[in-house]
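Novice: Below is start-v9.pdb; it holds PDB, C-alpha atoms, pLDDT in the B column.
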MODEL        1
ATOM      1  CA  MET A   2      95.395 138.040  19.439  1.00 52.00           C
ATOM      2  CA  LEU A   3      95.084 140.216  22.567  1.00 50.00           C
ATOM      3  CA  ARG A   4      93.926 137.209  24.541  1.00 59.00           C
ATOM      4  CA  ARG A   5      96.960 135.179  23.456  1.00 65.00           C
ATOM      5  CA  LEU A   6      99.258 138.069  24.379  1.00 54.00           C
ATOM      6  CA  TYR A   7      97.544 138.272  27.763  1.00 56.00           C
ATOM      7  CA  ASP A   8      98.017 134.551  28.406  1.00 63.00           C
ATOM      8  CA  TRP A   9     101.655 134.677  27.247  1.00 59.00           C
ATOM      9  CA  THR A  10     102.419 137.656  29.476  1.00 57.00           C
ATOM     10  CA  MET A  11     100.744 135.973  32.441  1.00 59.00           C
ATOM     11  CA  ASP A  12     103.124 133.038  31.982  1.00 63.00           C
ATOM     12  CA  LYS A  13     106.156 135.333  31.736  1.00 62.00           C
ATOM     13  CA  ALA A  14     105.074 137.521  34.642  1.00 64.00           C
ATOM     14  CA  ALA A  15     106.082 134.831  37.133  1.00 62.00           C
ATOM     15  CA  HIS A  16     109.486 134.324  35.481  1.00 70.00           C
ATOM     16  CA  PRO A  17     112.469 134.825  37.845  1.00 75.00           C
ATOM     17  CA  HIS A  18     113.746 137.698  35.691  1.00 80.00           C
ATOM     18  CA  ALA A  19     110.352 139.284  35.007  1.00 83.00           C
ATOM     19  CA  VAL A  20     111.068 142.232  37.304  1.00 90.00           C
ATOM     20  CA  TRP A  21     114.094 143.168  35.179  1.00 89.00           C
ATOM     21  CA  TRP A  22     111.954 143.144  32.054  1.00 84.00           C
ATOM     22  CA  LEU A  23     109.443 145.354  33.842  1.00 88.00           C
ATOM     23  CA  ALA A  24     112.186 147.789  34.810  1.00 92.00           C
ATOM     24  CA  LEU A  25     113.535 147.815  31.254  1.00 88.00           C
ATOM     25  CA  PHE A  26     110.130 148.452  29.679  1.00 84.00           C
ATOM     26  CA  SER A  27     109.345 151.166  32.243  1.00 90.00           C
ATOM     27  CA  PHE A  28     112.678 152.899  31.661  1.00 94.00           C
ATOM     28  CA  ALA A  29     112.490 152.695  27.878  1.00 89.00           C
ATOM     29  CA  GLU A  30     108.859 153.785  27.603  1.00 86.00           C
ATOM     30  CA  SER A  31     109.610 157.120  29.251  1.00 91.00           C
ATOM     31  CA  SER A  32     112.195 158.068  26.647  1.00 87.00           C
ATOM     32  CA  PHE A  33     111.883 156.112  23.396  1.00 85.00           C
ATOM     33  CA  PHE A  34     109.883 152.827  23.568  1.00 78.00           C
ATOM     34  CA  PRO A  35     106.316 152.919  22.160  1.00 73.00           C
ATOM     35  CA  ILE A  36     104.605 150.408  24.480  1.00 72.00           C
ATOM     36  CA  PRO A  37     103.582 151.601  27.998  1.00 75.00           C
ATOM     37  CA  PRO A  38     104.441 149.433  31.031  1.00 81.00           C
ATOM     38  CA  HIS A  39     100.927 149.599  32.499  1.00 78.00           C
ATOM     39  CA  PRO A  40      99.676 146.273  31.051  1.00 73.00           C
ATOM     40  CA  LEU A  41     102.827 144.371  32.034  1.00 79.00           C
ATOM     41  CA  LEU A  42     102.734 145.820  35.550  1.00 86.00           C
ATOM     42  CA  GLY A  43      99.098 144.857  35.905  1.00 80.00           C
ATOM     43  CA  LEU A  44      99.656 141.323  34.664  1.00 78.00           C
ATOM     44  CA  MET A  45     102.673 140.785  36.897  1.00 83.00           C
ATOM     45  CA  CYS A  46     100.669 142.013  39.875  1.00 84.00           C
ATOM     46  CA  LEU A  47      97.915 139.604  38.869  1.00 78.00           C
ATOM     47  CA  ALA A  48     100.367 136.725  38.726  1.00 77.00           C
ATOM     48  CA  GLU A  49     101.858 137.508  42.149  1.00 82.00           C
ATOM     49  CA  PRO A  50      99.709 139.982  44.145  1.00 83.00           C
ATOM     50  CA  LYS A  51     101.989 139.721  47.200  1.00 85.00           C
ATOM     51  CA  LYS A  52     104.777 141.357  45.163  1.00 87.00           C
ATOM     52  CA  ALA A  53     102.525 144.069  43.715  1.00 88.00           C
ATOM     53  CA  LEU A  54     104.002 146.923  45.761  1.00 91.00           C
ATOM     54  CA  ARG A  55     107.532 145.867  44.842  1.00 92.00           C
ATOM     55  CA  TYR A  56     106.603 145.765  41.154  1.00 92.00           C
ATOM     56  CA  ALA A  57     104.933 149.167  41.395  1.00 93.00           C
ATOM     57  CA  LEU A  58     108.001 150.694  43.050  1.00 95.00           C
ATOM     58  CA  VAL A  59     110.324 149.238  40.406  1.00 95.00           C
ATOM     59  CA  THR A  60     108.077 150.603  37.658  1.00 94.00           C
ATOM     60  CA  THR A  61     107.948 154.042  39.260  1.00 95.00           C
ATOM     61  CA  VAL A  62     111.701 154.385  39.783  1.00 96.00           C
ATOM     62  CA  ALA A  63     112.629 153.019  36.355  1.00 96.00           C
ATOM     63  CA  SER A  64     110.047 155.219  34.649  1.00 95.00           C
ATOM     64  CA  VAL A  65     111.263 158.391  36.354  1.00 96.00           C
ATOM     65  CA  ILE A  66     114.884 157.570  35.462  1.00 97.00           C
ATOM     66  CA  GLY A  67     113.808 156.906  31.875  1.00 95.00           C
ATOM     67  CA  GLY A  68     111.959 160.205  31.875  1.00 95.00           C
ATOM     68  CA  LEU A  69     115.150 161.945  32.969  1.00 96.00           C
ATOM     69  CA  VAL A  70     116.971 160.349  30.028  1.00 96.00           C
ATOM     70  CA  GLY A  71     114.217 161.623  27.732  1.00 95.00           C
ATOM     71  CA  TYR A  72     114.635 165.094  29.226  1.00 97.00           C
ATOM     72  CA  MET A  73     118.398 164.975  28.581  1.00 96.00           C
ATOM     73  CA  ILE A  74     117.802 163.862  25.000  1.00 95.00           C
ATOM     74  CA  GLY A  75     115.569 166.876  24.461  1.00 94.00           C
ATOM     75  CA  TYR A  76     117.916 169.250  26.258  1.00 95.00           C
ATOM     76  CA  PHE A  77     121.195 168.200  24.663  1.00 96.00           C
ATOM     77  CA  LEU A  78     120.436 165.993  21.647  1.00 93.00           C
ATOM     78  CA  TYR A  79     117.128 167.080  20.179  1.00 92.00           C
ATOM     79  CA  GLU A  80     118.404 167.878  16.695  1.00 91.00           C
ATOM     80  CA  THR A  81     120.404 164.663  16.365  1.00 91.00           C
ATOM     81  CA  VAL A  82     118.341 162.167  18.397  1.00 93.00           C
ATOM     82  CA  GLY A  83     115.138 163.636  19.819  1.00 91.00           C
ATOM     83  CA  ALA A  84     113.587 164.753  16.552  1.00 92.00           C
ATOM     84  CA  THR A  85     114.272 161.348  14.994  1.00 93.00           C
ATOM     85  CA  LEU A  86     112.643 159.548  17.932  1.00 91.00           C
ATOM     86  CA  ILE A  87     109.560 161.751  17.872  1.00 90.00           C
ATOM     87  CA  SER A  88     109.204 161.260  14.120  1.00 90.00           C
ATOM     88  CA  ALA A  89     109.703 157.488  14.361  1.00 88.00           C
ATOM     89  CA  LEU A  90     106.999 157.299  17.038  1.00 82.00           C
ATOM     90  CA  GLY A  91     104.547 159.221  14.852  1.00 83.00           C
ATOM     91  CA  LEU A  92     104.373 162.158  17.278  1.00 84.00           C
ATOM     92  CA  SER A  93     105.723 164.939  15.081  1.00 86.00           C
ATOM     93  CA  GLU A  94     102.356 166.679  14.727  1.00 84.00           C
ATOM     94  CA  ALA A  95     101.764 166.578  18.493  1.00 84.00           C
ATOM     95  CA  TYR A  96     105.224 167.928  19.325  1.00 89.00           C
ATOM     96  CA  PRO A  97     104.545 171.674  18.750  1.00 89.00           C
ATOM     97  CA  ARG A  98     101.367 171.518  20.838  1.00 86.00           C
ATOM     98  CA  ALA A  99     103.189 169.649  23.613  1.00 87.00           C
ATOM     99  CA  ALA A 100     105.883 172.338  23.681  1.00 90.00           C
ATOM    100  CA  CYS A 101     103.255 175.066  23.838  1.00 89.00           C
ATOM    101  CA  TYR A 102     101.388 173.408  26.704  1.00 87.00           C
ATOM    102  CA  LEU A 103     104.636 172.927  28.598  1.00 91.00           C
ATOM    103  CA  ASN A 104     105.412 176.617  28.238  1.00 89.00           C
ATOM    104  CA  GLU A 105     101.919 177.439  29.535  1.00 87.00           C
ATOM    105  CA  ASN A 106     101.809 175.115  32.553  1.00 88.00           C
ATOM    106  CA  ALA A 107     104.773 172.748  32.659  1.00 91.00           C
ATOM    107  CA  SER A 108     104.219 170.984  35.977  1.00 92.00           C
ATOM    108  CA  TRP A 109     100.570 170.193  35.311  1.00 91.00           C
ATOM    109  CA  VAL A 110     101.319 168.907  31.808  1.00 90.00           C
ATOM    110  CA  ILE A 111     104.051 166.538  33.031  1.00 93.00           C
ATOM    111  CA  PHE A 112     101.852 165.341  35.877  1.00 91.00           C
ATOM    112  CA  THR A 113      98.922 164.754  33.494  1.00 87.00           C
ATOM    113  CA  ALA A 114     101.113 162.782  31.107  1.00 86.00           C
ATOM    114  CA  ALA A 115     102.558 160.784  33.986  1.00 88.00           C
ATOM    115  CA  VAL A 116      99.174 159.617  35.307  1.00 83.00           C
ATOM    116  CA  THR A 117      97.544 158.788  31.973  1.00 76.00           C
ATOM    117  CA  PRO A 118      98.512 156.322  29.226  1.00 67.00           C
ATOM    118  CA  ILE A 119      99.449 159.107  26.795  1.00 74.00           C
ATOM    119  CA  PRO A 120     102.996 159.033  25.322  1.00 79.00           C
ATOM    120  CA  PHE A 121     105.031 160.180  28.324  1.00 88.00           C
ATOM    121  CA  LYS A 122     108.159 160.131  26.179  1.00 89.00           C
ATOM    122  CA  LEU A 123     106.811 162.985  24.035  1.00 89.00           C
ATOM    123  CA  LEU A 124     106.529 165.189  27.100  1.00 92.00           C
ATOM    124  CA  THR A 125     109.860 164.174  28.648  1.00 94.00           C
ATOM    125  CA  ILE A 126     111.793 164.933  25.465  1.00 95.00           C
ATOM    126  CA  THR A 127     109.873 168.149  24.850  1.00 93.00           C
ATOM    127  CA  ALA A 128     110.420 169.270  28.455  1.00 95.00           C
ATOM    128  CA  GLY A 129     114.149 169.146  27.762  1.00 95.00           C
ATOM    129  CA  VAL A 130     113.735 171.083  24.537  1.00 94.00           C
ATOM    130  CA  VAL A 131     111.856 173.944  26.241  1.00 94.00           C
ATOM    131  CA  LYS A 132     114.352 173.788  29.137  1.00 95.00           C
ATOM    132  CA  MET A 133     111.787 173.167  31.854  1.00 95.00           C
ATOM    133  CA  PRO A 134     113.541 173.514  35.240  1.00 96.00           C
ATOM    134  CA  LEU A 135     114.939 170.094  36.098  1.00 96.00           C
ATOM    135  CA  ALA A 136     113.750 170.088  39.717  1.00 96.00           C
ATOM    136  CA  GLN A 137     110.247 171.011  38.591  1.00 96.00           C
ATOM    137  CA  PHE A 138     110.304 168.256  35.981  1.00 96.00           C
ATOM    138  CA  LEU A 139     111.473 165.618  38.475  1.00 96.00           C
ATOM    139  CA  ILE A 140     108.916 166.571  41.125  1.00 96.00           C
ATOM    140  CA  ALA A 141     106.036 166.428  38.629  1.00 95.00           C
ATOM    141  CA  SER A 142     107.300 163.143  37.170  1.00 96.00           C
ATOM    142  CA  ILE A 143     107.725 161.479  40.556  1.00 96.00           C
ATOM    143  CA  ALA A 144     104.318 162.671  41.736  1.00 95.00           C
ATOM    144  CA  GLY A 145     102.520 161.472  38.612  1.00 93.00           C
ATOM    145  CA  ARG A 146     104.320 158.178  38.108  1.00 93.00           C
ATOM    146  CA  SER A 147     104.053 157.325  41.816  1.00 93.00           C
ATOM    147  CA  LEU A 148     100.346 158.003  41.781  1.00 90.00           C
ATOM    148  CA  ILE A 149      99.507 155.849  38.776  1.00 87.00           C
ATOM    149  CA  PHE A 150     101.826 152.932  39.507  1.00 91.00           C
ATOM    150  CA  MET A 151     101.677 152.774  43.305  1.00 90.00           C
ATOM    151  CA  VAL A 152      97.880 152.902  43.253  1.00 85.00           C
ATOM    152  CA  VAL A 153      97.972 149.879  40.949  1.00 83.00           C
ATOM    153  CA  GLY A 154     100.341 148.141  43.356  1.00 85.00           C
ATOM    154  CA  VAL A 155      98.163 148.851  46.383  1.00 86.00           C
ATOM    155  CA  LEU A 156      94.966 147.729  44.656  1.00 83.00           C
ATOM    156  CA  PHE A 157      96.461 144.473  43.451  1.00 81.00           C
ATOM    157  CA  ARG A 158      98.095 143.831  46.820  1.00 83.00           C
ATOM    158  CA  LEU A 159      94.745 144.210  48.561  1.00 80.00           C
ATOM    159  CA  PHE A 160      92.389 142.787  45.939  1.00 75.00           C
ATOM    160  CA  GLY A 161      94.613 140.754  43.626  1.00 66.00           C
ATOM    161  CA  ALA A 162      92.545 137.567  43.343  1.00 64.00           C
ATOM    162  CA  PRO A 163      89.156 139.259  42.798  1.00 70.00           C
ATOM    163  CA  ILE A 164      90.657 141.638  40.222  1.00 64.00           C
ATOM    164  CA  LYS A 165      92.168 138.714  38.327  1.00 62.00           C
ATOM    165  CA  GLN A 166      88.788 136.981  38.229  1.00 66.00           C
ATOM    166  CA  VAL A 167      87.167 140.122  36.819  1.00 63.00           C
ATOM    167  CA  ILE A 168      89.850 140.525  34.115  1.00 59.00           C
ATOM    168  CA  ASP A 169      89.692 136.845  33.170  1.00 60.00           C
ATOM    169  CA  ARG A 170      85.917 137.026  32.845  1.00 66.00           C
ATOM    170  CA  TYR A 171      85.579 140.451  31.240  1.00 58.00           C
ATOM    171  CA  PHE A 172      88.846 140.758  29.304  1.00 53.00           C
ATOM    172  CA  GLY A 173      87.222 142.512  26.351  1.00 58.00           C
ATOM    173  CA  LEU A 174      85.627 145.160  28.544  1.00 63.00           C
ATOM    174  CA  VAL A 175      88.874 145.725  30.447  1.00 58.00           C
ATOM    175  CA  THR A 176      90.741 146.212  27.161  1.00 56.00           C
ATOM    176  CA  THR A 177      88.097 148.701  26.023  1.00 62.00           C
ATOM    177  CA  ALA A 178      88.391 150.579  29.309  1.00 65.00           C
ATOM    178  CA  PHE A 179      92.158 150.894  28.847  1.00 58.00           C
ATOM    179  CA  LEU A 180      91.643 152.315  25.348  1.00 58.00           C
ATOM    180  CA  VAL A 181      89.120 154.796  26.751  1.00 64.00           C
ATOM    181  CA  LEU A 182      91.717 155.899  29.307  1.00 60.00           C
ATOM    182  CA  LEU A 183      94.238 156.311  26.506  1.00 57.00           C
ATOM    183  CA  VAL A 184      91.904 158.597  24.565  1.00 58.00           C
ATOM    184  CA  GLY A 185      90.982 160.390  27.778  1.00 60.00           C
ATOM    185  CA  GLY A 186      94.639 161.110  28.440  1.00 57.00           C
ATOM    186  CA  PHE A 187      94.968 162.887  25.112  1.00 54.00           C
ATOM    187  CA  VAL A 188      91.794 164.872  25.822  1.00 58.00           C
ATOM    188  CA  ALA A 189      93.124 165.850  29.253  1.00 55.00           C
ATOM    189  CA  LEU A 190      96.353 167.068  27.693  1.00 53.00           C
ATOM    190  CA  THR A 191      94.479 169.259  25.222  1.00 52.00           C
ATOM    191  CA  GLN A 192      92.597 170.867  28.120  1.00 52.00           C
ATOM    192  CA  VAL A 193      95.720 171.942  29.988  1.00 47.00           C
ATOM    193  CA  GLY A 194      95.890 175.236  28.150  1.00 44.00           C
ATOM    194  CA  ARG A 195      92.407 176.222  29.316  1.00 48.00           C
ATOM    195  CA  GLY A 196      93.874 177.607  32.522  1.00 46.00           C
ATOM    196  CA  GLY A 197      95.040 180.589  30.502  1.00 46.00           C
ATOM    197  CA  GLY A 198      91.724 181.031  28.715  1.00 48.00           C
ATOM    198  CA  ASP A 199      90.538 180.185  25.223  1.00 52.00           C
ATOM    199  CA  GLY A 200      93.290 182.307  23.730  1.00 52.00           C
ATOM    200  CA  ALA A 201      95.962 180.103  25.280  1.00 50.00           C
ATOM    201  CA  GLN A 202      94.298 176.948  23.976  1.00 52.00           C
ATOM    202  CA  ASP A 203      93.917 178.427  20.479  1.00 58.00           C
ATOM    203  CA  LYS A 204      97.562 179.425  20.515  1.00 70.00           C
ATOM    204  CA  CYS A 205      98.647 175.862  21.351  1.00 76.00           C
ATOM    205  CA  ALA A 206      96.277 174.346  18.785  1.00 69.00           C
ATOM    206  CA  THR A 207      98.162 176.209  16.038  1.00 70.00           C
ATOM    207  CA  ALA A 208     101.580 176.267  17.692  1.00 67.00           C
ATOM    208  CA  ALA A 209     104.779 176.083  15.656  1.00 69.00           C
ATOM    209  CA  PRO A 210     107.749 173.962  16.770  1.00 68.00           C
ATOM    210  CA  PRO A 211     109.981 175.728  19.340  1.00 68.00           C
ATOM    211  CA  ARG A 212     113.246 177.139  18.035  1.00 59.00           C
TER     212      ARG A 212
ENDMDL
END
For the file at hand, write its structure as C-alpha cells.
Specialist:
Amino acid sequence: MLRRLYDWTMDKAAHPHAVWWLALFSFAESSFFPIPPHPLLGLMCLAEPKKALRYALVTTVASVIGGLVGYMIGYFLYETVGATLISALGLSEAYPRAACYLNENASWVIFTAAVTPIPFKLLTITAGVVKMPLAQFLIASIAGRSLIFMVVGVLFRLFGAPIKQVIDRYFGLVTTAFLVLLVGGFVALTQVGRGGGDGAQDKCATAAPPR
C-alpha cells in the first residue's frame, strides 16, 4: 500500500498545480490536518530536484502561516474549536503535557516540534492557549520549520538523483527511518522539561490541563 501511495504521489508531484497542494498540506498540517507535509515535499523534490529550494520555501512559509492560525485558534477559540480539533486528532492526553512543557521552555519546545515529525499542530494550538508571546512563537517556528524544510530542499537540489535511487531501492528502510524519526520526535519532546531538573519533568508527566 505504501509503495502504491509513493508511486501515485511521484506522478502527482510533477503536476502543474502540485505546488499549491504542497502549500495547502503544509498550511493545514500546522493547525488541524493530521498528515505532515514532509513526505510530499520529499517526493516533489525527487520528481524535480531543480525546484527543490522553491518547494522547500513554499512549505516553510505555508507551515509557519498555518502555525500562526493554530496559535490563534488556541488563543481565541480553544473552547469552541481547539479542544474539538485536539480531541479529533487523538491528542487529548498529550495536551496537558504539551502545555506544561511550553510553560517550562516555550521556545525550545516549539523549535523541537518544528524540526521533528511530531504533531506540530498540538504545539501551535497549545502555545495560543498558554499565551506564549507571539514574537517568540514566530521566531521559534520560523527557525525550526526553515531548518527542517530548507535542509531537505538543499539536499535534494544538490543530490536529487542519487537520493531518488536510494529511496527507490531501499523504500522499506526509508519508511522505517521516517517512523523512527517520528518516535524520536516524541522522545525529544518529553526530554524538554529536563532543563529544569527531574522535578520539572515529573510535574509535566502528571500535568493537568491549563485553565
Novice: Record the distance separating CA of Gly67 in chain A and CA of Ala29 in chain A, expressed in Å with one decimal.
Specialist: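 Answer for the CA of Gly67 in chain A to CA of Ala29 in chain A separation: 6.0 Å.
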Novice: Using the chain letters and numbering of this document, enumerate as a PyMOL selection string the residues selected by the PyMOL selection byres ((chain A and resi 37) around 8).
Specialist: chain A and resi 26-27+30+34-36+38-40+118+120
Novice: Taking the file above as input, evaluate the PyMOL selection byres ((chain A and resi 115) around 12) and report the hits as a short mmCIF file (atom, residue, chain, number, x, y, z; two decimals) with C-alpha atoms, in the frame of the given file.
Specialist:
data_model
loop_
_atom_site.label_atom_id
_atom_site.label_comp_id
_atom_site.auth_asym_id
_atom_site.auth_seq_id
_atom_site.Cartn_x
_atom_site.Cartn_y
_atom_site.Cartn_z
CA SER A 27 109.34 151.17 32.24
CA GLU A 30 108.86 153.78 27.60
CA SER A 31 109.61 157.12 29.25
CA PRO A 37 103.58 151.60 28.00
CA PRO A 38 104.44 149.43 31.03
CA HIS A 39 100.93 149.60 32.50
CA THR A 61 107.95 154.04 39.26
CA SER A 64 110.05 155.22 34.65
CA VAL A 65 111.26 158.39 36.35
CA GLY A 68 111.96 160.21 31.88
CA SER A 108 104.22 170.98 35.98
CA TRP A 109 100.57 170.19 35.31
CA VAL A 110 101.32 168.91 31.81
CA ILE A 111 104.05 166.54 33.03
CA PHE A 112 101.85 165.34 35.88
CA THR A 113 98.92 164.75 33.49
CA ALA A 114 101.11 162.78 31.11
CA VAL A 116 99.17 159.62 35.31
CA THR A 117 97.54 158.79 31.97
CA PRO A 118 98.51 156.32 29.23
CA ILE A 119 99.45 159.11 26.80
CA PRO A 120 103.00 159.03 25.32
CA PHE A 121 105.03 160.18 28.32
CA LYS A 122 108.16 160.13 26.18
CA LEU A 123 106.81 162.99 24.04
CA LEU A 124 106.53 165.19 27.10
CA THR A 125 109.86 164.17 28.65
CA PHE A 138 110.30 168.26 35.98
CA LEU A 139 111.47 165.62 38.48
CA ILE A 140 108.92 166.57 41.12
CA ALA A 141 106.04 166.43 38.63
CA SER A 142 107.30 163.14 37.17
CA ILE A 143 107.72 161.48 40.56
CA ALA A 144 104.32 162.67 41.74
CA GLY A 145 102.52 161.47 38.61
CA ARG A 146 104.32 158.18 38.11
CA SER A 147 104.05 157.32 41.82
CA LEU A 148 100.35 158.00 41.78
CA ILE A 149 99.51 155.85 38.78
CA PHE A 150 101.83 152.93 39.51
CA GLY A 186 94.64 161.11 28.44
CA PHE A 187 94.97 162.89 25.11
CA ALA A 189 93.12 165.85 29.25
CA LEU A 190 96.35 167.07 27.69
#
Novice: What's the separation between CA of Phe33 in chain A and CA of His18 in chain A, in Å to one decimal place?
Specialist: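 Computed distance, CA of Phe33 in chain A to CA of His18 in chain A, equals 22.2 Å.
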Novice: Between A:Leu23, A:Cys46, A:Val130, A:Val152, which is the closest to Gly83 in chain A once you count all atoms listed in the file?
Specialist: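 Using all atoms listed in the file, the shortest distance to Gly83 in chain A belongs to A:Val130.
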Novice: Leaving out Phe77 in chain A and any residue of its chain fewer than 4 positions from it, which residues lie within 12 Å of it when counting only C-alpha atoms, given as a PyMOL selection string?
Specialist: chain A and resi 70-73+81-84+126-132
Novice: Please compute the CA of Ile66 in chain A-CA of Phe28 in chain A distance, one decimal, in Å.
Specialist: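 These two atoms are separated by 6.4 Å.
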Novice: Can you give me, as a ChimeraX atom specification, the residues this file yields under the PyMOL selection byres ((chain A and resi 42) around 12)?
Specialist: /A:10-11,13-15,19-27,37-41,43-50,52-61,64,149-154,157
Novice: Around range 65-68 of chain A, with edges along x, y and z and 4 Å added on all six sides, what centre and edge lengths do you get, in Å to one decimal, as lines of an AutoDock Vina configuration file?
Specialist:
center_x = 113.1
center_y = 158.6
center_z = 34.1
size_x = 11.6
size_y = 11.3
size_z = 12.5
Novice: May I ask which of the residues A:Ala63, A:Lys204, A:Ser88, A:Met133 is the closest one to Asn106 in chain A, counting all atoms listed in the file?
Specialist: A:Met133
